[in-house]
>>> print(open('structure.cif').read())   # mmCIF, C-alpha atoms
data_run
#
loop_
_atom_site.group_PDB
_atom_site.id
_atom_site.type_symbol
_atom_site.label_atom_id
_atom_site.label_comp_id
_atom_site.auth_asym_id
_atom_site.auth_seq_id
_atom_site.Cartn_x
_atom_site.Cartn_y
_atom_site.Cartn_z
ATOM 1 C CA MET A 23 -32.361 22.688 -14.757
ATOM 2 C CA THR A 24 -29.358 24.029 -12.942
ATOM 3 C CA LEU A 25 -26.398 21.728 -13.115
ATOM 4 C CA HIS A 26 -24.066 22.703 -10.291
ATOM 5 C CA PHE A 27 -20.426 21.903 -10.988
ATOM 6 C CA ILE A 28 -18.913 20.628 -7.743
ATOM 7 C CA ALA A 29 -15.360 19.521 -8.517
ATOM 8 C CA LYS A 30 -12.920 17.684 -10.749
ATOM 9 C CA ASP A 31 -10.350 15.292 -9.342
ATOM 10 C CA PRO A 32 -7.578 17.652 -8.230
ATOM 11 C CA GLU A 33 -4.837 15.128 -8.951
ATOM 12 C CA THR A 34 -5.535 14.688 -12.644
ATOM 13 C CA ASN A 35 -4.552 16.932 -15.517
ATOM 14 C CA GLY A 36 -8.015 18.513 -15.849
ATOM 15 C CA ASP A 37 -8.831 16.430 -18.908
ATOM 16 C CA HIS A 38 -10.661 13.109 -18.833
ATOM 17 C CA CYS A 39 -10.923 13.086 -15.054
ATOM 18 C CA PRO A 40 -13.567 12.194 -12.486
ATOM 19 C CA THR A 41 -16.045 15.026 -11.983
ATOM 20 C CA ILE A 42 -19.086 15.603 -9.760
ATOM 21 C CA TRP A 43 -22.148 17.771 -10.450
ATOM 22 C CA PHE A 44 -25.570 18.131 -8.835
ATOM 23 C CA ASP A 45 -28.753 18.614 -10.895
ATOM 24 C CA ASP A 46 -31.156 20.579 -8.708
ATOM 25 C CA GLU A 47 -34.231 20.013 -10.884
ATOM 26 C CA ALA A 48 -33.914 16.223 -11.046
ATOM 27 C CA GLN A 49 -32.385 16.134 -7.545
ATOM 28 C CA GLU A 50 -29.628 13.848 -8.831
ATOM 29 C CA PHE A 51 -25.899 13.583 -8.517
ATOM 30 C CA VAL A 52 -24.139 13.419 -11.874
ATOM 31 C CA ILE A 53 -20.809 11.638 -11.700
ATOM 32 C CA GLN A 54 -18.134 11.130 -14.316
ATOM 33 C CA GLY A 55 -15.675 8.489 -13.212
ATOM 34 C CA TRP A 56 -13.397 5.789 -14.434
ATOM 35 C CA LYS A 57 -15.155 2.755 -15.883
ATOM 36 C CA ALA A 58 -15.143 -0.276 -13.652
ATOM 37 C CA GLY A 59 -13.326 -3.282 -15.020
ATOM 38 C CA ALA A 60 -14.917 -6.687 -15.479
ATOM 39 C CA GLU A 61 -13.607 -7.978 -12.143
ATOM 40 C CA LEU A 62 -15.072 -5.076 -10.156
ATOM 41 C CA GLU A 63 -18.380 -5.278 -12.038
ATOM 42 C CA ALA A 64 -18.573 -8.997 -11.240
ATOM 43 C CA LYS A 65 -18.125 -8.205 -7.535
ATOM 44 C CA CYS A 66 -20.835 -5.526 -7.733
ATOM 45 C CA ARG A 67 -23.240 -7.917 -9.476
ATOM 46 C CA LYS A 68 -23.254 -10.044 -6.323
ATOM 47 C CA ALA A 69 -25.607 -7.397 -4.886
ATOM 48 C CA GLY A 70 -27.863 -7.619 -7.963
ATOM 49 C CA PRO A 71 -27.935 -7.088 -11.718
ATOM 50 C CA ILE A 72 -26.659 -3.924 -13.394
ATOM 51 C CA PRO A 73 -29.190 -2.843 -16.041
ATOM 52 C CA ASP A 74 -27.968 -1.658 -19.430
ATOM 53 C CA THR A 75 -29.104 1.863 -18.463
ATOM 54 C CA GLU A 76 -26.739 1.951 -15.476
ATOM 55 C CA ALA A 77 -22.977 1.755 -14.985
ATOM 56 C CA VAL A 78 -20.455 1.182 -12.243
ATOM 57 C CA VAL A 79 -17.917 3.996 -12.074
ATOM 58 C CA ARG A 80 -14.997 4.560 -9.739
ATOM 59 C CA LEU A 81 -14.024 7.781 -7.953
ATOM 60 C CA PRO A 82 -10.801 8.177 -5.987
ATOM 61 C CA ALA A 83 -11.134 8.535 -2.215
ATOM 62 C CA ARG A 84 -9.385 11.907 -2.488
ATOM 63 C CA MET A 85 -12.706 13.227 -3.856
ATOM 64 C CA ALA A 86 -14.501 12.600 -0.529
ATOM 65 C CA ASP A 87 -14.630 16.325 0.226
ATOM 66 C CA ALA A 88 -16.193 16.957 -3.198
ATOM 67 C CA LEU A 89 -18.830 14.311 -2.472
ATOM 68 C CA LYS A 90 -19.552 16.005 0.866
ATOM 69 C CA GLU A 91 -19.926 19.329 -0.945
ATOM 70 C CA ALA A 92 -22.330 17.724 -3.432
ATOM 71 C CA LEU A 93 -24.386 16.397 -0.512
ATOM 72 C CA ASN A 94 -24.494 19.895 0.984
ATOM 73 C CA VAL A 95 -25.632 21.360 -2.338
ATOM 74 C CA ALA A 96 -28.324 18.660 -2.564
ATOM 75 C CA ALA A 97 -29.529 19.428 0.967
ATOM 76 C CA GLY A 98 -29.696 23.128 0.162
ATOM 77 C CA THR A 99 -31.701 22.688 -3.040
ATOM 78 C CA ALA A 100 -34.109 20.059 -1.711
ATOM 79 C CA ALA A 101 -36.149 22.708 0.106
ATOM 80 C CA VAL A 102 -36.383 24.794 -3.077
ATOM 81 C CA ARG A 103 -38.075 22.047 -5.050
#
>>> encode(input="structure.cif", output="structure tokens")
Amino acid sequence: MTLHFIAKDPETNGDHCPTIWFDDEAQEFVIQGWKAGAELEAKCRKAGPIPDTEAVVRLPARMADALKEALNVAAGTAAVR
């Protein structure tokens, strides 16, 4: 597995901050974000249940470019698989 580091939130101190990676073997985005609070989770549950093996995390909009980069990495590794 190659886990491609994409970016950390540039407006945090570099510790305990939202981060994005892409796993080219599993073809998955790996995202570290802030935990959603109970109110946000309740809103999300309106679309369906959230299994114990899943979580709702939040990323700041300022990381949109990092998400785009992760999508580009995913597109580039999809052909390799």
>>> resolve_selection(input="structure.cif", expression="the PyMOL selection byres ((chain A and resi 42-58) around 7)", output="ChimeraX atom specification")
/A:23-30,39-41,59-60,62-63,78-81,92,96,99
>>> write_last_selection(input="structure.cif", atoms="C-alpha atoms", output="PDB file, keeping the file's coordinate frame")
ATOM      1  CA  MET A  23     -32.361  22.688 -14.757  1.00  0.00           C
ATOM      2  CA  THR A  24     -29.358  24.029 -12.942  1.00  0.00           C
ATOM      3  CA  LEU A  25     -26.398  21.728 -13.115  1.00  0.00           C
ATOM      4  CA  HIS A  26     -24.066  22.703 -10.291  1.00  0.00           C
ATOM      5  CA  PHE A  27     -20.426  21.903 -10.988  1.00  0.00           C
ATOM      6  CA  ILE A  28     -18.913  20.628  -7.743  1.00  0.00           C
ATOM      7  CA  ALA A  29     -15.360  19.521  -8.517  1.00  0.00           C
ATOM      8  CA  LYS A  30     -12.920  17.684 -10.749  1.00  0.00           C
ATOM      9  CA  CYS A  39     -10.923  13.086 -15.054  1.00  0.00           C
ATOM     10  CA  PRO A  40     -13.567  12.194 -12.486  1.00  0.00           C
ATOM     11  CA  THR A  41     -16.045  15.026 -11.983  1.00  0.00           C
ATOM     12  CA  GLY A  59     -13.326  -3.282 -15.020  1.00  0.00           C
ATOM     13  CA  ALA A  60     -14.917  -6.687 -15.479  1.00  0.00           C
ATOM     14  CA  LEU A  62     -15.072  -5.076 -10.156  1.00  0.00           C
ATOM     15  CA  GLU A  63     -18.380  -5.278 -12.038  1.00  0.00           C
ATOM     16  CA  VAL A  78     -20.455   1.182 -12.243  1.00  0.00           C
ATOM     17  CA  VAL A  79     -17.917   3.996 -12.074  1.00  0.00           C
ATOM     18  CA  ARG A  80     -14.997   4.560  -9.739  1.00  0.00           C
ATOM     19  CA  LEU A  81     -14.024   7.781  -7.953  1.00  0.00           C
ATOM     20  CA  ALA A  92     -22.330  17.724  -3.432  1.00  0.00           C
ATOM     21  CA  ALA A  96     -28.324  18.660  -2.564  1.00  0.00           C
ATOM     22  CA  THR A  99     -31.701  22.688  -3.040  1.00  0.00           C
TER      23      THR A  99
END
>>> resolve_selection(input="structure.cif", expression="the PyMOL selection byres ((chain A and resi 83) around 12)", output="JSON, numbers by chain")
{"A": [31, 32, 33, 40, 55, 80, 81, 82, 84, 85, 86, 87, 88, 89, 90]}
>>> atom_distance(input="structure.cif", atom1="atom CA of Val95 of chain A", atom2="atom CA of Gly36 of chain A")
22.4 Å
>>> atom_distance(input="structure.cif", atom1="atom CA of Glu76 of chain A", atom2="atom CA of His38 of chain A")
19.9 Å
>>> axis_aligned_box(input="structure.cif", around="segment 37-47 of chain A", padding_each_side="6 Å", output="AutoDock Vina command-line options")
--center_x -21.5 --center_y 16.4 --center_z -13.8 --size_x 37.4 --size_y 20.4 --size_z 22.2
>>> decode(input="structure.cif", residues="segment 46-89 of chain A", atoms="N, CA and C atoms", output="compact mmCIF listing (two decimals), in the first residue's frame")
# COMPACT_ATOMS: atom_id res chain seq x y z
N ASP A 46 -3.54 4.22 -2.43
CA ASP A 46 -3.69 3.78 -3.82
C ASP A 46 -4.02 2.30 -3.96
N GLU A 47 -3.69 1.49 -2.98
CA GLU A 47 -4.03 0.06 -3.06
C GLU A 47 -5.53 -0.15 -2.82
N ALA A 48 -6.05 0.45 -1.76
CA ALA A 48 -7.47 0.30 -1.44
C ALA A 48 -8.34 1.24 -2.27
N GLN A 49 -7.69 2.20 -2.95
CA GLN A 49 -8.41 3.23 -3.71
C GLN A 49 -9.40 3.95 -2.80
N GLU A 50 -8.86 4.46 -1.68
CA GLU A 50 -9.69 5.14 -0.68
C GLU A 50 -9.03 6.44 -0.23
N PHE A 51 -9.88 7.40 0.06
CA PHE A 51 -9.42 8.63 0.69
C PHE A 51 -9.39 8.37 2.18
N VAL A 52 -8.34 8.83 2.84
CA VAL A 52 -8.22 8.72 4.29
C VAL A 52 -8.23 10.14 4.82
N ILE A 53 -9.19 10.42 5.69
CA ILE A 53 -9.39 11.79 6.15
C ILE A 53 -9.41 11.85 7.66
N GLN A 54 -8.57 12.71 8.20
CA GLN A 54 -8.59 13.03 9.63
C GLN A 54 -9.25 14.39 9.73
N GLY A 55 -10.30 14.48 10.52
CA GLY A 55 -11.00 15.74 10.66
C GLY A 55 -11.51 15.92 12.08
N TRP A 56 -12.17 17.02 12.28
CA TRP A 56 -12.76 17.26 13.59
C TRP A 56 -14.01 16.42 13.74
N LYS A 57 -14.23 15.86 14.91
CA LYS A 57 -15.42 15.06 15.16
C LYS A 57 -16.66 15.94 15.05
N ALA A 58 -17.68 15.38 14.46
CA ALA A 58 -18.96 16.09 14.38
C ALA A 58 -19.63 16.03 15.74
N GLY A 59 -20.29 17.10 16.10
CA GLY A 59 -21.03 17.13 17.35
C GLY A 59 -22.37 16.41 17.19
N ALA A 60 -23.06 16.25 18.29
CA ALA A 60 -24.33 15.53 18.29
C ALA A 60 -25.36 16.17 17.37
N GLU A 61 -25.40 17.49 17.33
CA GLU A 61 -26.38 18.19 16.50
C GLU A 61 -26.12 17.93 15.01
N LEU A 62 -24.87 18.00 14.59
CA LEU A 62 -24.54 17.74 13.19
C LEU A 62 -24.79 16.27 12.84
N GLU A 63 -24.42 15.36 13.73
CA GLU A 63 -24.68 13.94 13.48
C GLU A 63 -26.16 13.68 13.33
N ALA A 64 -26.98 14.33 14.16
CA ALA A 64 -28.43 14.15 14.06
C ALA A 64 -28.93 14.60 12.69
N LYS A 65 -28.41 15.71 12.19
CA LYS A 65 -28.80 16.19 10.86
C LYS A 65 -28.37 15.18 9.79
N CYS A 66 -27.18 14.63 9.92
CA CYS A 66 -26.68 13.65 8.95
C CYS A 66 -27.49 12.37 8.97
N ARG A 67 -27.97 11.98 10.14
CA ARG A 67 -28.75 10.74 10.27
C ARG A 67 -30.09 10.83 9.53
N LYS A 68 -30.51 12.01 9.16
CA LYS A 68 -31.74 12.14 8.38
C LYS A 68 -31.60 11.47 7.02
N ALA A 69 -30.37 11.34 6.54
CA ALA A 69 -30.12 10.65 5.26
C ALA A 69 -30.00 9.14 5.45
N GLY A 70 -29.85 8.69 6.69
CA GLY A 70 -29.72 7.27 6.99
C GLY A 70 -28.86 7.05 8.22
N PRO A 71 -28.82 5.82 8.71
CA PRO A 71 -28.04 5.53 9.92
C PRO A 71 -26.53 5.66 9.69
N ILE A 72 -25.81 5.87 10.76
CA ILE A 72 -24.35 5.91 10.72
C ILE A 72 -23.87 4.68 11.51
N PRO A 73 -23.36 3.67 10.81
CA PRO A 73 -22.91 2.46 11.51
C PRO A 73 -21.77 2.76 12.48
N ASP A 74 -21.61 1.88 13.44
CA ASP A 74 -20.53 2.04 14.43
C ASP A 74 -19.15 2.05 13.78
N THR A 75 -19.02 1.49 12.58
CA THR A 75 -17.74 1.43 11.89
C THR A 75 -17.46 2.67 11.06
N GLU A 76 -18.37 3.65 11.10
CA GLU A 76 -18.21 4.87 10.33
C GLU A 76 -18.32 6.08 11.26
N ALA A 77 -17.89 7.24 10.75
CA ALA A 77 -17.93 8.46 11.54
C ALA A 77 -18.20 9.64 10.63
N VAL A 78 -18.75 10.68 11.19
CA VAL A 78 -18.92 11.94 10.49
C VAL A 78 -17.80 12.85 10.97
N VAL A 79 -16.99 13.34 10.03
CA VAL A 79 -15.93 14.27 10.39
C VAL A 79 -16.11 15.55 9.59
N ARG A 80 -15.54 16.62 10.08
CA ARG A 80 -15.66 17.92 9.43
C ARG A 80 -14.29 18.37 8.94
N LEU A 81 -14.26 18.94 7.73
CA LEU A 81 -13.06 19.56 7.18
C LEU A 81 -13.41 21.00 6.85
N PRO A 82 -12.49 21.94 7.09
CA PRO A 82 -12.78 23.32 6.72
C PRO A 82 -12.78 23.51 5.21
N ALA A 83 -13.61 24.41 4.73
CA ALA A 83 -13.70 24.69 3.30
C ALA A 83 -12.36 25.12 2.72
N ARG A 84 -11.48 25.67 3.55
CA ARG A 84 -10.17 26.11 3.04
C ARG A 84 -9.33 24.94 2.56
N MET A 85 -9.78 23.70 2.82
CA MET A 85 -9.05 22.52 2.35
C MET A 85 -9.59 22.02 1.01
N ALA A 86 -10.42 22.80 0.33
CA ALA A 86 -10.99 22.39 -0.96
C ALA A 86 -9.90 22.07 -1.98
N ASP A 87 -8.85 22.86 -2.02
CA ASP A 87 -7.77 22.59 -2.97
C ASP A 87 -7.09 21.26 -2.65
N ALA A 88 -6.95 20.93 -1.36
CA ALA A 88 -6.35 19.66 -0.97
C ALA A 88 -7.26 18.50 -1.38
N LEU A 89 -8.57 18.68 -1.27
CA LEU A 89 -9.49 17.64 -1.72
C LEU A 89 -9.39 17.45 -3.23
